[in-house]
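One structure is given below, encoded as structure tokens.
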Amino acid sequence: MRLFVLFALASSLLHLGAATPIEKRSQCATQLSLAATLANRLMSFWYNPTLGYFNSGSLWTDANTIEDFHNLMLAAGTDTYYTIDQTSQTGKDGQAASASTWSSTINGSNDDSLWLVLTMWKIADYLTARGKDATGYLNSATEIYNMVAAQWDTTNCGGGIWWSTAHTYKNAITNELFLYASADGYLRTGQASYLANAQKEWAWLNKTGMRNSQGLYNDGLDFNTCANNGQTTWTYNQGVIASGLAALSVATGDKSLLTIAEVTLDAAFAHLTQGGILKESCDNAASGGSQCNHDQQLFKGLLMKHLQYYLDMANDPVRTAKYAPIIGAQASAVLHYGKNAANDVGSVWYAPDAGGSVWQPEASASGLAAIVAAAKLSSGGSHEKKLLASQQGTSTPIQKRAQCASQLSLAAKIADRLVSYWYNPSLGYFTDGSLWTDANTIEDFNNLMLAAGTDTYATIDQSSQTGEDGQAASTSTWSSTINGSNDDSLWIVLTMWKIADYLNARGEDASGYMAVPSSATEIYNMVAAEWDTSNCGGGVWWSTAHTYKNAITNELFLLTSASGYLRTGEASYLENAQKEWTWLNQTGMRNSQGLYNDGLDFDTCANNGQTTWTYNQGVIASGLAALSVDTGDKSLLDVAEVTLDAVFNQMTQGGILRESCDDAEAGGSQCDHDQQLFKGLLMKHLQYYLDMANDPVRTAKYAPILAAQASVVLHYGKNADNDIGSVWYAPDAGGSIWQPEASASGLAAIVAAAKCVGERMTGGEEDCGMAKEEAEDKESMWMLK
């Protein structure tokens with residue numbers, strides 16, 4: 001037995017298995033502090049030390065909660081909760097290591113048994129790390145594992161472990177756990193029987209058909225037909241298969257098993273989420289709907305925990321970078337939607353509780369597992385910082401919020417590349433750019449300078465054609481430059497205002513850009529004259545050709561009109577904004593999904609059903625927020641969020657924005673120059689929306705989503721030259737396009753995250769055990785707001 005202990009210790013030191021290797025990674029102190037807060041509440045309110053159980057808990061849920069406590073202590077280097085090994089029934093039984101005791105306690109439940117094996121190993125890891133005797137727990141793990149291994153059966157469905165000794169069902173979770181426990185047992189002991197069992201299990205499980213056509217594991221097999229029974233695809237099934245395959249990959253050296261695991265992981269985050277946040281099929285934020293039972297409340301946290309184990313054993317920075325933003329988003333949702341004032345965590349993560357969340361120890365343990373996974377796998381992140389009060393309008397109020405230095409540094413790298421490589425100062429244009437894309441890029445530069453408090457890119461206001469024309473403030477110049485394009489005109493209005501904001505913040509003259517007469521005023525008035533009631537009852541034409549009324553032109557007219565009133569107080573702006581919204585709201589351009597299609601049919605005035613571009617969904621939100629500030633009508637914010645929620649539910653892949661023309665693979669569709677900018681525009685206008693809404697609850701709702709987009713821009717979008725590709729949702733496989741518009745889109749997303757997520761980490765990234773440059777170039781971009 002002494003040899004067994006020495007081998008287990010050596011295994012963990014060699015970074016094999018899921019024992020303690022992940023503790024070698026940087027821990028984020030603020031996240032660990034939040035985890036401790038949740039754990040303290042579980043211990044003080046939900047745990048009964050006299051009985052040795054958590055209130056309302058069961059054998060397997062208690063075992064997982066105890067595993068989480070030990071994960072936390074190993075990660076934080078503390079001993080805060082070690083007494084649970086002595087007081088809990090699970091801990092006391094583990095020390096005794098009696099086969100008869102375990103047989104009576106488990107009562108024939110094979111999946112419960114395997115959860116206990118994992119808990120015994122985790123307690124042993126903790127004790128070994130503290131130089132204490134772990135023999136009893138290691139022996140208990142062996143006793144329990146052997147009882148389950150004896151349940152392997154080939155008479156029904158050709159193999160597999162029964163769910164229980166009643167022999168009525170073979171399900172996914174029991175067999176996934178047996179795969180993981182067997183492979184990890186081999187890594188811990190070197191005993192060939194473990195590896196043989198793992199290989200036998202995977203050979204059988206892989207051919208059962210329990211993984212469906214979406215890549216998700218259903219609950220189990222039909223007893224009579226041995227076919228996939230089509231029952232619920234629970235979240236935890238998708239996590240445990242991944243940790244099991246990762247352990248088998250380490251045991252055999254077969255890296256293809258990791259690719260197989262990620263088919264299921266990717267499917268889970270594509271199909272079992274809402275707005276990028278995990279949603280169990282029984283989750284319902286609203287009262288009166290379905291509610292998850294005690295067992296089911298734990299499932300999402302188990303997926304997070306086993307994703308952590310998967311990434312640790314895969315030991316691949318690219319794979320870690322892929323899932324770090326997703327893990328970060330879940331942890332942020334636990335904090336902002338799940339946690340109450342008492343530091344319990346509710347069962348619902350995907351939305352604020354509206355009476356449907358369940359508050360039980362299993363739900364809190366699930367949240368605890370997610371936070372610990374995020375702290376252990378992230379190299380960045382920070383606990384929530386209070387948002388400072390913001391002003392009204394889209395001028396400069398958001399600059400009052402805390403900025404994240406590492407994100408602003410990354411934004412500067414992207415901006416530097418845009419200026420040094422893509423910008424032609426002699427001509428005053430970006431390579432291959434157009435009037436409106438250049439205008440948006442210049443707006444982004446000024447947003448960055450306002451956020452960072454720098455003047456790095458000030459010369460672009462003088463050298464660019466947009467900037468020069470803006471200073472001149474000539475109606476004839478603008479009329480010639482714009483050439484009848486009303487949407488381009490309104491983008492330029494926003495850019496003029498942003499340049500003016502920057503100049504005003506520096507105490508410089510902004511009259512050409514903003515004062516009356518000014519470029520912004522001249523251009524706005526040209527567009528306002530394009531309002532027309534002869535076709536479809538109202539609206540601004542897309543161009544002076546008068547052939548089309550589309551969403552983006554009218555959304556921009558709403559935004560510039562409402563913002564113009566905030567900036568000037570002139571009643572004509574407010575009248576135009578109200579007139580625009582009254583018309584736009586009754587056109588039917590917003591479809592049944594809550595998304596705005598491209599525009600109206602000229603003849604029928606019906607929604608033309610054309611593409612729902614991402615930027616349409618962002619600009620309507622900023623426009624409604626500005627009008628809400630104008631009028632005091634907060635209901636407009638709820639209207640805006642119907643569309644925002646729809647875009648993050650329906651225009652994402654794995655929680656990451658995907659334009660309809662995006663394709664990571666070579667040979668597929670590709671977005672044109674204009675379309676490459678759209679996702680960044682959604683991010684920028686979501687930032688404007690949140691600033692004007694000035695509501696911490698709304699900011700908390702979208703902060704995880706903003707952070708996730710920014711992270712993938714860094715990990716999937718950015719190349720070694722600091723260009724950004726057009727595809728964010730997946731690593732480039734030849735389909736991403738590398739143009740200035742795509743880089744400007746990524747720049748807008750990073751600046752929006754820095755300004756809206758609003759975390760200046762006290763002491764910098766060193767709070768998370770990182771050097772500054774490492775934080776910028778690795779995993780700093782996802783964060784807890």
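Residue numbering restarts at 1 for every chain of the structure tokens, chains are lettered A, B, ... in their displayed order, and ligands are numbered from 1 as they appear.
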Considering only C-alpha atoms, return as a list in words whatever protein or nucleic-acid residues lie within 10 Å of segment 351-356 of chain A, sequence-local ones (same chain, fewer than 6 positions apart) excluded.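 So, after excluding close chain neighbours, the residues are Gln274, Gly275, Ile277, Lys279, Asp283, Asn284, Ala285, Ala286, Ser287, Gly288, Gly289, Ser290, Gln291, Cys292, Ala333, Val334, His336, Tyr337, Gly338, Lys339, Asn340, Val697, Arg698, Ala700 and Lys701 of chain A.
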Thr119 of chain A: which residues within 12 Å, counting only C-alpha atoms, same-chain residues fewer than 3 positions away excluded, as a PyMOL selection string? chain A and resi 18-19+59-71+85+90-91+93-94+112-116+122-126+137-138+140-141+144-145+181
Find the residues near Cys661 of chain A: any atom within 6 Å, counting only C-alpha atoms, skip ones fewer than 5 places away on the same chain, and give them as a ChimeraX atom specification. /A:669-671
For the selection you just gave me, I'd like the residues written to a file as a compact mmCIF listing (two decimals), in the first residue's frame, keeping C-alpha atoms.
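Written out: selection.txt:
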# COMPACT_ATOMS: atom_id res chain seq x y z
CA SER A 669 -18.73 31.89 -48.01
CA GLN A 670 -16.74 35.01 -47.17
CA CYS A 671 -17.89 38.39 -45.93
Report as a list in words all protein, DNA and RNA residues lying within 7 Å of Met496 of chain A, evaluated on only C-alpha atoms, omitting residues in the same chain fewer than 6 positions from it.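 Surrounding residues, per the criterion: Gly470, Tyr513, Met514, Ser519 and Ala520 of chain A.
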Only N, CA and C atoms, please: the residues just picked out, written as a compact mmCIF listing (two decimals), in the first residue's frame.
# COMPACT_ATOMS: atom_id res chain seq x y z
N GLY A 470 -14.27 67.02 -42.30
CA GLY A 470 -14.99 67.40 -41.09
C GLY A 470 -14.62 68.77 -40.60
N TYR A 513 -16.38 70.20 -36.35
CA TYR A 513 -17.02 68.89 -36.31
C TYR A 513 -18.41 68.93 -35.69
N MET A 514 -18.61 69.85 -34.73
CA MET A 514 -19.81 69.71 -33.90
C MET A 514 -20.68 70.95 -33.79
N SER A 519 -20.01 70.15 -39.49
CA SER A 519 -20.16 69.00 -40.39
C SER A 519 -21.27 68.09 -39.94
N ALA A 520 -21.31 67.77 -38.63
CA ALA A 520 -22.35 66.87 -38.14
C ALA A 520 -23.74 67.43 -38.45
Looking at A:Val117, A:Leu448, A:Asn197, A:Asn171, which one is nearest to Ala150 of chain A, with distances taken over only C-alpha atoms?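 Counting only C-alpha atoms, the residue closest to Ala150 of chain A is A:Asn197.
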Determine, counting only C-alpha atoms, which protein, DNA and RNA residues have an atom within 6 Å of an atom of segment 296-300 of chain A; residues of the same chain fewer than 3 positions away are not included. Present the result as a list in words. Thr235, Tyr236, Cys292, Asn293, Leu303, Ser347, Glu362, Ala363 and Ser366 of chain A
Could the residues in this selection be written to a file with C-alpha atoms, as a short mmCIF file (atom, residue, chain, number, x, y, z; two decimals), in the first residue's frame?
data_model
loop_
_atom_site.label_atom_id
_atom_site.label_comp_id
_atom_site.auth_asym_id
_atom_site.auth_seq_id
_atom_site.Cartn_x
_atom_site.Cartn_y
_atom_site.Cartn_z
CA THR A 235 -25.14 19.09 -19.44
CA TYR A 236 -23.04 16.91 -17.14
CA CYS A 292 -34.67 21.35 -11.79
CA ASN A 293 -34.69 18.80 -8.97
CA LEU A 303 -19.80 20.17 -16.78
CA SER A 347 -30.20 26.95 -10.13
CA GLU A 362 -26.78 21.53 -4.86
CA ALA A 363 -27.32 24.73 -6.85
CA SER A 366 -22.81 23.88 -8.91
#
Please return, as a VMD selection string, all residues of segment 349-588 of chain A that DSSP assigns to helix (DSSP H, G or I) on the basis of the backbone. chain A and resid 361 to 377 397 to 400 405 to 422 435 to 452 459 to 463 465 to 472 475 to 482 486 to 505 519 to 528 551 to 568 571 to 585
Just checking: using only C-alpha atoms, which residue out of A:Leu42, A:Leu427, A:Met651, A:Leu302 ends up closest to Leu278 of chain A?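 Once distances to Leu278 of chain A are computed over only C-alpha atoms, the minimum belongs to A:Leu302.
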Which of these residues is nearest to Leu686 of chain A, using only C-alpha atoms: A:Ile499, A:Ile460, A:Ala405, A:Val751?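 Comparing A:Ile499, A:Ile460, A:Ala405, A:Val751 against Leu686 of chain A, the winner is A:Val751.
Of the residues listed (A:Asp603, A:Phe269, A:Leu490, A:Ala505), A:Leu490 shows the shortest atom-to-atom separation from Gly564 of chain A; distances use only C-alpha atoms.
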Select from segment 231-480 of chain A everything DSSP, run on the backbone, classes as strand (DSSP E), then give the selection as a ChimeraX atom specification. /A:273-274,277-278,423-424,429-430
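Our summary of the geometry notes that atom CA of Leu600 of chain A is positioned 22.3 Å from atom CA of Asp672 of chain A.
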